[in-house]
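Raw structure_37.txt, compact mmCIF, C-alpha atoms:
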# COMPACT_ATOMS: atom_id res chain seq x y z
CA MET W 1 -116.12 5.08 -11.22
CA SER W 2 -118.27 2.29 -9.82
CA GLU W 3 -118.77 1.56 -6.15
CA PRO W 4 -116.67 -1.40 -4.88
CA ARG W 5 -118.65 -4.55 -4.13
CA ARG W 6 -119.25 -5.28 -0.42
CA GLU W 7 -120.39 -8.84 0.06
CA ILE W 8 -120.16 -11.46 2.79
CA SER W 9 -121.31 -15.00 2.07
CA ILE W 10 -122.71 -16.97 4.97
CA ARG W 11 -122.84 -20.75 5.31
CA VAL W 12 -124.67 -22.45 8.18
CA ASP W 13 -124.34 -26.02 9.45
CA ASN W 14 -126.25 -27.15 12.52
CA GLU W 15 -126.83 -30.19 14.68
CA PHE W 16 -129.06 -31.33 17.53
CA LEU W 17 -127.15 -31.95 20.77
CA ILE W 18 -129.05 -34.81 22.36
CA GLU W 19 -126.60 -35.15 25.27
CA GLU W 20 -127.33 -31.57 26.37
CA SER W 21 -131.07 -31.69 25.70
CA GLU W 22 -133.90 -32.68 28.03
CA PRO W 23 -136.93 -33.32 25.78
CA ASP W 24 -139.14 -34.30 28.73
CA SER W 25 -138.51 -30.82 30.17
CA GLY W 26 -138.95 -28.96 26.87
CA ARG W 27 -135.24 -28.26 26.41
CA TYR W 28 -133.80 -28.85 22.93
CA VAL W 29 -130.19 -27.75 22.42
CA PHE W 30 -128.73 -27.09 18.97
CA ALA W 31 -125.24 -26.12 17.85
CA TYR W 32 -124.71 -24.10 14.69
CA THR W 33 -121.49 -23.40 12.86
CA ILE W 34 -121.28 -20.28 10.74
CA THR W 35 -118.68 -19.71 8.03
CA LEU W 36 -118.32 -16.09 6.95
CA ALA W 37 -116.41 -15.36 3.73
CA ASN W 38 -115.62 -11.95 2.29
CA THR W 39 -116.56 -12.37 -1.38
CA GLY W 40 -116.48 -8.62 -1.96
CA GLU W 41 -113.76 -6.17 -2.91
CA VAL W 42 -113.36 -4.28 0.40
CA SER W 43 -111.83 -5.50 3.66
CA ALA W 44 -114.40 -5.34 6.45
CA ARG W 45 -114.93 -5.86 10.18
CA LEU W 46 -118.01 -7.48 11.69
CA LEU W 47 -119.51 -5.06 14.21
CA THR W 48 -122.83 -6.49 15.42
CA ARG W 49 -125.25 -9.37 15.10
CA HIS W 50 -129.04 -9.59 15.24
CA TRP W 51 -130.70 -13.01 15.48
CA VAL W 52 -134.39 -13.86 15.27
CA ILE W 53 -135.08 -17.29 16.79
CA THR W 54 -138.59 -18.76 16.43
CA ASN W 55 -139.79 -22.00 17.99
CA ALA W 56 -142.59 -24.27 16.73
CA ASP W 57 -145.11 -22.48 18.97
CA GLY W 58 -144.37 -19.19 17.23
CA GLN W 59 -142.50 -17.70 20.19
CA VAL W 60 -139.84 -15.29 18.96
CA GLN W 61 -136.60 -14.41 20.73
CA GLU W 62 -134.38 -11.66 19.37
CA VAL W 63 -130.69 -11.47 20.21
CA HIS W 64 -128.57 -8.36 19.59
CA GLY W 65 -124.92 -7.99 20.39
CA GLU W 66 -121.44 -6.97 19.39
CA GLY W 67 -119.43 -9.34 17.23
CA VAL W 68 -119.68 -13.12 17.49
CA VAL W 69 -118.30 -15.40 20.23
CA GLY W 70 -116.48 -12.44 21.77
CA GLU W 71 -114.76 -11.43 18.54
CA GLN W 72 -115.21 -8.86 15.80
CA PRO W 73 -113.48 -10.63 12.91
CA TYR W 74 -111.73 -8.62 10.22
CA LEU W 75 -111.89 -10.15 6.75
CA PRO W 76 -109.88 -9.02 3.75
CA PRO W 77 -111.30 -9.95 0.33
CA GLY W 78 -111.08 -13.74 0.10
CA GLY W 79 -110.75 -14.09 3.88
CA SER W 80 -113.02 -16.24 6.04
CA PHE W 81 -113.95 -16.81 9.68
CA ARG W 82 -115.70 -19.79 11.23
CA TYR W 83 -117.33 -20.09 14.64
CA THR W 84 -119.72 -22.33 16.53
CA SER W 85 -122.44 -21.23 18.92
CA GLY W 86 -125.72 -22.62 20.17
CA ALA W 87 -129.42 -22.10 20.72
CA VAL W 88 -131.88 -23.62 23.18
CA LEU W 89 -135.50 -24.09 22.14
CA GLU W 90 -138.56 -25.21 24.09
CA THR W 91 -139.79 -27.16 21.04
CA PRO W 92 -138.09 -29.83 18.88
CA VAL W 93 -138.30 -27.60 15.78
CA GLY W 94 -137.56 -23.96 15.13
CA THR W 95 -135.89 -21.49 12.81
CA MET W 96 -133.18 -18.86 12.97
CA HIS W 97 -132.26 -15.96 10.70
CA GLY W 98 -130.81 -12.53 11.13
CA MET W 99 -128.27 -9.94 10.11
CA TYR W 100 -124.61 -9.11 10.62
CA GLN W 101 -123.55 -5.46 10.35
CA TRP W 102 -120.12 -4.80 8.90
CA VAL W 103 -118.00 -1.74 8.20
CA GLY W 104 -115.57 -1.64 5.32
CA ASP W 105 -112.09 -0.13 5.39
CA ASP W 106 -113.61 2.72 3.36
CA GLY W 107 -115.91 3.54 6.32
CA VAL W 108 -119.09 2.34 4.61
CA ALA W 109 -121.38 0.23 6.81
CA PHE W 110 -123.31 -2.62 5.22
CA ASP W 111 -125.47 -5.55 6.26
CA ALA W 112 -125.05 -9.23 5.46
CA PRO W 113 -128.32 -11.14 5.87
CA ILE W 114 -128.18 -14.51 7.60
CA PRO W 115 -130.46 -16.83 5.61
CA LEU W 116 -133.30 -18.61 7.39
CA PHE W 117 -132.35 -22.10 8.54
CA ARG W 118 -134.24 -24.78 10.42
CA LEU W 119 -133.33 -26.40 13.70
CA ALA W 120 -134.96 -29.80 14.09
CA VAL W 121 -134.53 -32.99 16.04
CA PRO W 122 -133.38 -35.63 13.50
CA GLY W 123 -136.09 -37.95 12.23
CA LEU W 124 -138.86 -35.61 13.35
CA LEU W 125 -139.46 -34.02 9.92
CA HIS W 126 -139.51 -35.73 6.57
What do you get writing this file as structure tokens?
Amino acid sequence: MSEPRREISIRVDNEFLIEESEPDSGRYVFAYTITLANTGEVSARLLTRHWVITNADGQVQEVHGEGVVGEQPYLPPGGSFRYTSGAVLETPVGTMHGMYQWVGDDGVAFDAPIPLFRLAVPGLLH
């Protein structure tokens, strides 16, 4: 008998929040919206997150924590969860990537990698 497929797809949309940013002070605020979808065969709960945030100067900040936005969403196969959060950089460009750890109803823990995405002030990059 084959192992059931455990898979979470991750979609990221982000935007620069000019009204909350202070470029003259080196403060660039970005919002990102994550859509998580269980494309596997096992219901699962998101346990933890690990983010790696890198600015244009190469400074790296790592963020670890339980769940997302105060929740640990439970997704049956075909289920989805969407949330919005933010990041503050000292430079107008940076990147984020990371990992979510999940546990399936069968007790098996698995990781869902968050693909690298860029944060950038509009019009700055071509």
Counting all atoms listed in the file, note down every residue that has an atom within 10 Å of the point (-110.5, -5.2, -0.2) (file coordinates), as an mmCIF file with C-alpha atoms, in the coordinates of the input.
data_model
loop_
_atom_site.group_PDB
_atom_site.id
_atom_site.type_symbol
_atom_site.label_atom_id
_atom_site.label_comp_id
_atom_site.auth_asym_id
_atom_site.auth_seq_id
_atom_site.Cartn_x
_atom_site.Cartn_y
_atom_site.Cartn_z
ATOM 1 C CA PRO W 4 -116.670 -1.400 -4.880
ATOM 2 C CA ARG W 5 -118.650 -4.550 -4.130
ATOM 3 C CA ARG W 6 -119.250 -5.280 -0.420
ATOM 4 C CA ASN W 38 -115.620 -11.950 2.290
ATOM 5 C CA THR W 39 -116.560 -12.370 -1.380
ATOM 6 C CA GLY W 40 -116.480 -8.620 -1.960
ATOM 7 C CA GLU W 41 -113.760 -6.170 -2.910
ATOM 8 C CA VAL W 42 -113.360 -4.280 0.400
ATOM 9 C CA SER W 43 -111.830 -5.500 3.660
ATOM 10 C CA ALA W 44 -114.400 -5.340 6.450
ATOM 11 C CA LEU W 75 -111.890 -10.150 6.750
ATOM 12 C CA PRO W 76 -109.880 -9.020 3.750
ATOM 13 C CA PRO W 77 -111.300 -9.950 0.330
ATOM 14 C CA GLY W 78 -111.080 -13.740 0.100
ATOM 15 C CA GLY W 79 -110.750 -14.090 3.880
ATOM 16 C CA GLY W 104 -115.570 -1.640 5.320
ATOM 17 C CA ASP W 105 -112.090 -0.130 5.390
ATOM 18 C CA ASP W 106 -113.610 2.720 3.360
#
Seminar exercise, completed: Students should find that atom CA of His50 of chain W and atom CA of Leu17 of chain W are spaced 23.1 Å
Problem set entry | Proximity to Ala31 of chain W - best of W:Gly86, W:Gly94, W:Asn55, W:Glu19, all atoms listed in the file |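 Once distances to Ala31 of chain W are computed over all atoms listed in the file, the minimum belongs to W:Gly86.
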For this session: One decimal, Å: what's the distance from atom CA of Val121 of chain W over to atom CA of Gly67 of chain W, could you say?
Result: 28.1 Å
For this session: Measure the distance from atom CA of Arg82 of chain W to atom CA of Thr95 of chain W in Å and round it to one decimal.
Result: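 Between atom CA of Arg82 of chain W and atom CA of Thr95 of chain W the gap is 20.3 Å.
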Exercise. What lies within 12 Å of Ile34 of chain W using only C-alpha atoms, ignoring chain neighbours under 5 positions off, as a ChimeraX atom specification?
Worked result: /W:8-14,68-69,80-86,97,100,114-115,117
For this session: Kindly indicate which residue among W:Gly107, W:Pro73, W:Tyr32, W:Ala37 lies nearest to Ala120 of chain W, using all atoms listed in the file for the distances.
Result: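 Selected residue with least distance to Ala120 of chain W: W:Tyr32.
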For this session: For each of W:Val88, W:Leu119, W:Met96, W:Leu36, take the minimum atom-to-atom distance to Glu62 of chain W, counting all atoms listed in the file, then give the residue where this is smallest.
Result: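 With all atoms listed in the file as the atom set, the closest residue is W:Met96.
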Using all atoms listed in the file, what residues lie at most 9 Å away from (-123.2, -9.8, 16.2) (file coordinates), given as an mmCIF file with C-alpha atoms, keeping the file's coordinate frame?
data_model
loop_
_atom_site.group_PDB
_atom_site.id
_atom_site.type_symbol
_atom_site.label_atom_id
_atom_site.label_comp_id
_atom_site.auth_asym_id
_atom_site.auth_seq_id
_atom_site.Cartn_x
_atom_site.Cartn_y
_atom_site.Cartn_z
ATOM 1 C CA LEU W 46 -118.010 -7.480 11.690
ATOM 2 C CA LEU W 47 -119.510 -5.060 14.210
ATOM 3 C CA THR W 48 -122.830 -6.490 15.420
ATOM 4 C CA ARG W 49 -125.250 -9.370 15.100
ATOM 5 C CA HIS W 50 -129.040 -9.590 15.240
ATOM 6 C CA TRP W 51 -130.700 -13.010 15.480
ATOM 7 C CA VAL W 63 -130.690 -11.470 20.210
ATOM 8 C CA HIS W 64 -128.570 -8.360 19.590
ATOM 9 C CA GLY W 65 -124.920 -7.990 20.390
ATOM 10 C CA GLU W 66 -121.440 -6.970 19.390
ATOM 11 C CA GLY W 67 -119.430 -9.340 17.230
ATOM 12 C CA VAL W 68 -119.680 -13.120 17.490
ATOM 13 C CA VAL W 69 -118.300 -15.400 20.230
ATOM 14 C CA GLU W 71 -114.760 -11.430 18.540
ATOM 15 C CA GLN W 72 -115.210 -8.860 15.800
ATOM 16 C CA MET W 99 -128.270 -9.940 10.110
ATOM 17 C CA TYR W 100 -124.610 -9.110 10.620
ATOM 18 C CA GLN W 101 -123.550 -5.460 10.350
#
